[in-house]
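This is upload01.tsv (TSV, C-alpha atoms).
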```tsv
chain	number	residue	atom	x	y	z
A	1	MET	CA	47.56	-54.08	82.22
A	2	THR	CA	51.24	-54.64	83.00
A	3	GLN	CA	53.59	-51.99	81.65
A	4	PRO	CA	56.86	-53.21	80.12
A	5	GLN	CA	59.77	-52.84	82.52
A	6	THR	CA	62.23	-52.33	79.71
A	7	PRO	CA	61.65	-50.99	76.19
A	8	HIS	CA	63.05	-54.10	74.49
A	9	PRO	CA	63.50	-57.30	76.45
A	10	GLY	CA	65.87	-58.85	73.88
A	11	LEU	CA	63.78	-61.76	72.61
A	12	ASP	CA	65.72	-64.72	71.32
A	13	SER	CA	64.51	-67.59	69.12
A	14	THR	CA	63.43	-69.65	72.16
A	15	ASP	CA	61.32	-66.76	73.48
A	16	ARG	CA	59.75	-66.38	70.04
A	17	GLN	CA	59.02	-70.13	69.94
A	18	ILE	CA	57.36	-69.91	73.36
A	19	ILE	CA	55.21	-66.99	72.19
A	20	ALA	CA	54.26	-68.88	69.02
A	21	GLU	CA	53.26	-72.01	70.95
A	22	LEU	CA	51.21	-70.06	73.51
A	23	SER	CA	49.58	-68.05	70.70
A	24	ARG	CA	48.39	-71.32	69.19
A	25	ASP	CA	47.27	-72.81	72.52
A	26	ALA	CA	47.34	-70.73	75.71
A	27	ARG	CA	46.24	-73.79	77.72
A	28	LEU	CA	49.58	-75.56	77.31
A	29	SER	CA	51.05	-76.74	80.60
A	30	MET	CA	54.65	-75.78	81.35
A	31	ARG	CA	55.55	-79.42	80.81
A	32	GLN	CA	53.94	-79.50	77.36
A	33	LEU	CA	55.43	-76.13	76.44
A	34	ALA	CA	58.92	-77.26	77.51
A	35	LEU	CA	58.61	-80.42	75.42
A	36	GLN	CA	57.52	-78.51	72.31
A	37	VAL	CA	60.26	-75.88	72.65
A	38	HIS	CA	62.90	-78.43	73.71
A	39	ILE	CA	63.87	-76.82	77.01
A	40	SER	CA	63.47	-77.83	80.65
A	41	ARG	CA	60.24	-77.16	82.52
A	42	THR	CA	62.10	-74.75	84.83
A	43	ALA	CA	63.54	-72.85	81.85
A	44	ALA	CA	60.07	-72.66	80.25
A	45	HIS	CA	58.56	-71.31	83.46
A	46	THR	CA	61.36	-68.76	83.92
A	47	ARG	CA	61.10	-67.56	80.33
A	48	VAL	CA	57.29	-67.26	80.43
A	49	GLN	CA	57.55	-65.26	83.66
A	50	LYS	CA	60.16	-63.00	82.03
A	51	LEU	CA	57.89	-62.45	79.03
A	52	VAL	CA	54.97	-61.59	81.35
A	53	ASN	CA	57.11	-59.29	83.51
A	54	HIS	CA	58.41	-57.44	80.44
A	55	GLY	CA	54.87	-56.95	79.14
A	56	VAL	CA	55.45	-59.10	76.05
A	57	ILE	CA	52.72	-61.53	77.16
A	58	THR	CA	49.84	-59.47	78.50
A	59	GLY	CA	47.38	-62.27	79.27
A	60	PHE	CA	46.14	-65.74	78.51
A	61	GLY	CA	42.65	-66.09	77.12
A	62	ALA	CA	40.14	-68.01	75.09
A	63	GLN	CA	39.43	-67.30	71.44
A	64	THR	CA	35.70	-67.13	70.84
A	65	ASP	CA	33.35	-67.39	67.88
A	66	ARG	CA	31.02	-64.38	67.70
A	67	LYS	CA	28.22	-66.35	66.04
A	68	ALA	CA	28.37	-69.10	68.65
A	69	LEU	CA	27.92	-66.32	71.23
A	70	GLY	CA	24.84	-65.07	69.36
A	71	LEU	CA	26.58	-62.04	67.85
A	72	ASN	CA	25.50	-62.63	64.26
A	73	VAL	CA	26.31	-59.30	62.63
A	74	SER	CA	29.46	-57.18	62.91
A	75	ALA	CA	30.59	-53.85	61.55
A	76	LEU	CA	33.59	-51.59	61.45
A	77	VAL	CA	32.45	-48.15	62.51
A	78	VAL	CA	34.61	-45.25	61.39
A	79	VAL	CA	34.35	-42.39	63.88
A	80	LYS	CA	35.43	-38.78	63.44
A	81	ILE	CA	35.73	-36.87	66.71
A	82	GLY	CA	35.79	-33.19	67.55
A	83	ASP	CA	38.00	-31.28	69.92
A	84	VAL	CA	38.10	-33.96	72.62
A	85	ALA	CA	40.89	-36.11	74.00
A	86	TRP	CA	41.17	-39.37	72.08
A	87	GLY	CA	41.80	-41.45	75.19
A	88	GLU	CA	38.71	-40.16	76.97
A	89	ILE	CA	36.26	-40.69	74.13
A	90	ALA	CA	37.82	-44.02	73.11
A	91	ALA	CA	37.42	-45.29	76.68
A	92	GLN	CA	33.76	-44.18	76.68
A	93	LEU	CA	33.12	-45.79	73.29
A	94	ALA	CA	34.82	-49.04	74.36
A	95	GLN	CA	32.43	-49.30	77.34
A	96	LEU	CA	29.31	-49.24	75.15
A	97	PRO	CA	27.33	-52.46	74.65
A	98	PHE	CA	28.51	-54.52	71.65
A	99	VAL	CA	31.75	-52.52	71.12
A	100	GLU	CA	34.63	-55.00	71.01
A	101	LYS	CA	37.53	-52.70	70.23
A	102	ALA	CA	38.43	-49.05	69.65
A	103	GLN	CA	41.54	-48.22	67.63
A	104	ALA	CA	43.16	-44.85	66.89
A	105	VAL	CA	44.04	-44.53	63.22
A	106	SER	CA	45.85	-42.04	61.04
A	107	GLY	CA	44.37	-40.14	58.13
A	108	ASP	CA	41.12	-38.23	57.90
A	109	ILE	CA	39.35	-40.35	60.51
A	110	ASP	CA	40.11	-40.76	64.19
A	111	ILE	CA	38.79	-44.05	65.53
A	112	ILE	CA	37.71	-47.41	64.13
A	113	LEU	CA	35.37	-49.46	66.28
A	114	THR	CA	34.60	-53.14	65.91
A	115	VAL	CA	30.97	-53.63	66.87
A	116	SER	CA	29.09	-56.97	67.00
A	117	ALA	CA	25.43	-57.48	67.86
A	118	PRO	CA	22.82	-60.26	67.76
A	119	ASP	CA	20.98	-58.76	64.76
A	120	HIS	CA	20.88	-55.80	62.38
A	121	GLU	CA	18.32	-53.94	64.50
A	122	GLN	CA	20.48	-54.03	67.64
A	123	LEU	CA	23.59	-53.16	65.64
A	124	SER	CA	21.77	-50.19	64.13
A	125	GLN	CA	20.60	-49.04	67.56
A	126	ALA	CA	24.12	-49.33	68.98
A	127	ILE	CA	25.55	-47.23	66.16
A	128	LEU	CA	22.80	-44.61	65.85
A	129	ARG	CA	21.71	-44.31	69.49
A	130	ASP	CA	24.92	-44.97	71.43
A	131	ILE	CA	27.90	-44.19	69.22
A	132	HIS	CA	26.68	-41.50	66.83
A	133	THR	CA	25.01	-39.41	69.56
A	134	MET	CA	27.93	-39.53	72.02
A	135	PRO	CA	29.19	-36.02	72.84
A	136	GLY	CA	32.44	-35.41	70.95
A	137	VAL	CA	31.52	-37.66	68.01
A	138	ILE	CA	31.18	-35.57	64.84
A	139	SER	CA	30.30	-38.33	62.39
A	140	THR	CA	30.23	-42.10	61.91
A	141	ARG	CA	30.39	-44.35	58.86
A	142	SER	CA	29.60	-48.04	59.15
A	143	HIS	CA	30.87	-50.96	57.10
A	144	LEU	CA	29.23	-54.37	57.62
A	145	ILE	CA	31.67	-57.25	57.88
A	146	LEU	CA	30.53	-59.83	55.32
A	147	ASP	CA	33.22	-62.43	55.94
A	148	GLU	CA	36.34	-62.71	58.04
A	149	ILE	CA	39.52	-64.72	57.62
A	150	THR	CA	41.80	-64.96	60.61
A	151	GLY	CA	45.50	-64.41	60.05
A	152	HIS	CA	48.30	-65.15	62.47
A	153	ALA	CA	48.29	-63.86	66.01
A	154	PRO	CA	51.30	-61.68	66.83
A	155	GLY	CA	54.16	-64.02	67.56
A	156	ALA	CA	52.45	-67.09	66.12
A	157	THR	CA	54.99	-67.41	63.29
A	158	PRO	CA	58.47	-67.36	64.83
A	159	ASP	CA	60.17	-68.14	61.52
A	160	ALA	CA	59.18	-64.68	60.24
A	161	TRP	CA	61.07	-62.90	63.05
A	162	HIS	CA	64.71	-61.99	62.71
```

Can the structure from this file be put into structure tokens for me?
Amino acid sequence: MTQPQTPHPGLDSTDRQIIAELSRDARLSMRQLALQVHISRTAAHTRVQKLVNHGVITGFGAQTDRKALGLNVSALVVVKIGDVAWGEIAAQLAQLPFVEKAQAVSGDIDIILTVSAPDHEQLSQAILRDIHTMPGVISTRSHLILDEITGHAPGATPDAWH
């Protein structure tokens, strides 16, 4: 992962427009992006490179549908850890099969995992066998995701930025 070269790259409205357009469709060519943002192709390329170099844009990827991938059941797993370094255990948890994401949170819990599996049996095995028994994990609490509504990706709504 690229580390930002400066703490705040000074985004202007054109940068925010570029981020919004690429958040909607990362496959846009520089030509298409330039047309949509109303700048030259060279300016679009230069600005995108600046955003990448500053760590504002960290990658370009596909958005996927879990169910189309055969991951039919998902859960948020709340994890309380003992006297272990968060970064170490989070990295170990994130490497487990079916774990999509590990997030540090405030409050009386330590980590929230997003876990998706083909069926309830495999999800249960992942939680009980892999996550709950990992050294350093004190307790887990699982919440099945019944439905999901996608909001805006960061940067996808430039009008909200000031």

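Candidate residues A:Gln36, A:Ser13, A:Ser116, A:Asn53 were compared for distance to A:Gly70, and the nearest is A:Ser116, using all atoms listed in the file.
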
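Considering all atoms listed in the file, the residue among A:Gly59, A:Pro97, A:Gly82, A:Gly87 positioned nearest to A:Gln125 is A:Pro97.
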
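Distance check against A:Asn72 using only C-alpha atoms: of A:His132, A:Arg16, A:His120, A:His54, the minimum falls on A:His120.
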
Worksheet item: Could you pull the residues within 12 Å of A:Ala85, counting all atoms listed in the file, minus those fewer than 6 positions along the same chain, as a ChimeraX atom specification?
Response: /A:91-92,104,110-111,135-137

Worksheet item: Interatomic distance between atom CA of A:Ile57 and atom CA of A:Val78?
Response: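 Pair atom CA of A:Ile57 / atom CA of A:Val78 returns 29.0 Å.
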
Fill in: Nearest-residue call for A:Ala44, choices A:Thr14, A:Leu69, A:Ile138, A:Val56, using all atoms listed in the file
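Residue with the minimum atom-to-atom distance to A:Ala44: A:Thr14.
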
Worksheet item: With all atoms listed in the file as the basis for distance, which of A:Ile81, A:Leu123, A:Ala90, A:Ala117 is at the shortest distance from A:Thr140?
Response: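 For A:Thr140, the nearest of the given residues is A:Ile81.
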
Worksheet item: Closest to A:Asp108 among A:Met134, A:Leu51, A:Val79, A:Leu71, using all atoms listed in the file?
Response: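 Among A:Met134, A:Leu51, A:Val79, A:Leu71, it is A:Val79 that comes nearest to A:Asp108.
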
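Between atom CA of A:Glu21 and atom CA of A:Leu33 there is a distance of 7.2 Å.
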
Practice prompt. Between atom CA of A:Lys101 and atom CA of A:Ser23, measure the distance and give it in Å to one decimal.
Written response: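 Atom-to-atom, atom CA of A:Lys101 to atom CA of A:Ser23, that is 19.5 Å.
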
Around all listed atoms of stretch 22-27 of chain A, padded 8 Å per side, what centre and edge lengths does the axis-aligned box have in Å to one decimal, as JSON?
```
{"center_x": 48.7, "center_y": -70.9, "center_z": 73.5, "size_x": 21.0, "size_y": 21.7, "size_z": 24.5}
```

Extract stretch 56-75 of chain A from the structure I just pasted (atoms: N, CA, C and O atoms) and return it as a compact mmCIF listing (two decimals), in the first residue's frame.
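Result written to part-v3.txt:
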```txt
# COMPACT_ATOMS: atom_id res chain seq x y z
N VAL A 56 -4.21 9.23 -2.00
CA VAL A 56 -5.65 9.47 -1.97
C VAL A 56 -6.36 8.33 -2.70
O VAL A 56 -7.33 7.76 -2.20
N ILE A 57 -5.87 7.97 -3.87
CA ILE A 57 -6.35 6.79 -4.60
C ILE A 57 -5.36 5.68 -4.30
O ILE A 57 -4.18 5.80 -4.59
N THR A 58 -5.87 4.60 -3.71
CA THR A 58 -4.99 3.51 -3.28
C THR A 58 -5.08 2.29 -4.19
O THR A 58 -4.37 1.32 -3.97
N GLY A 59 -5.97 2.33 -5.17
CA GLY A 59 -6.09 1.21 -6.10
C GLY A 59 -7.33 1.35 -6.97
O GLY A 59 -8.18 2.19 -6.72
N PHE A 60 -7.38 0.52 -7.96
CA PHE A 60 -8.51 0.48 -8.88
C PHE A 60 -9.00 -0.96 -8.91
O PHE A 60 -8.21 -1.86 -9.19
N GLY A 61 -10.26 -1.20 -8.61
CA GLY A 61 -10.71 -2.58 -8.55
C GLY A 61 -12.16 -2.75 -8.92
O GLY A 61 -12.90 -1.80 -9.11
N ALA A 62 -12.52 -4.03 -9.01
CA ALA A 62 -13.89 -4.40 -9.35
C ALA A 62 -14.73 -4.51 -8.09
O ALA A 62 -14.26 -4.93 -7.05
N GLN A 63 -15.98 -4.12 -8.20
CA GLN A 63 -16.94 -4.35 -7.13
C GLN A 63 -17.62 -5.67 -7.43
O GLN A 63 -18.02 -5.92 -8.56
N THR A 64 -17.74 -6.52 -6.43
CA THR A 64 -18.28 -7.86 -6.66
C THR A 64 -19.54 -8.08 -5.84
O THR A 64 -19.80 -7.40 -4.84
N ASP A 65 -20.31 -9.05 -6.27
CA ASP A 65 -21.53 -9.46 -5.58
C ASP A 65 -21.22 -10.77 -4.86
O ASP A 65 -20.88 -11.77 -5.50
N ARG A 66 -21.31 -10.76 -3.54
CA ARG A 66 -20.97 -11.95 -2.76
C ARG A 66 -21.77 -13.18 -3.20
O ARG A 66 -21.22 -14.26 -3.34
N LYS A 67 -23.07 -13.00 -3.41
CA LYS A 67 -23.92 -14.14 -3.77
C LYS A 67 -23.54 -14.70 -5.13
O LYS A 67 -23.56 -15.91 -5.33
N ALA A 68 -23.19 -13.84 -6.06
CA ALA A 68 -22.77 -14.32 -7.38
C ALA A 68 -21.46 -15.11 -7.27
O ALA A 68 -21.18 -15.97 -8.10
N LEU A 69 -20.67 -14.83 -6.23
CA LEU A 69 -19.44 -15.57 -5.99
C LEU A 69 -19.68 -16.85 -5.19
O LEU A 69 -18.76 -17.60 -4.91
N GLY A 70 -20.94 -17.08 -4.78
CA GLY A 70 -21.27 -18.26 -4.00
C GLY A 70 -21.15 -18.06 -2.50
O GLY A 70 -21.20 -19.02 -1.74
N LEU A 71 -20.97 -16.82 -2.07
CA LEU A 71 -20.90 -16.51 -0.64
C LEU A 71 -22.28 -16.03 -0.21
O LEU A 71 -22.60 -14.85 -0.26
N ASN A 72 -23.12 -16.98 0.20
CA ASN A 72 -24.54 -16.72 0.40
C ASN A 72 -24.94 -16.23 1.78
O ASN A 72 -26.07 -15.81 1.98
N VAL A 73 -24.04 -16.31 2.73
CA VAL A 73 -24.36 -15.87 4.09
C VAL A 73 -23.18 -15.07 4.64
O VAL A 73 -22.03 -15.43 4.46
N SER A 74 -23.51 -13.95 5.28
CA SER A 74 -22.48 -13.06 5.83
C SER A 74 -22.83 -12.69 7.27
O SER A 74 -24.00 -12.68 7.65
N ALA A 75 -21.79 -12.38 8.02
CA ALA A 75 -21.99 -11.97 9.41
C ALA A 75 -20.96 -10.92 9.79
O ALA A 75 -19.87 -10.86 9.23
```
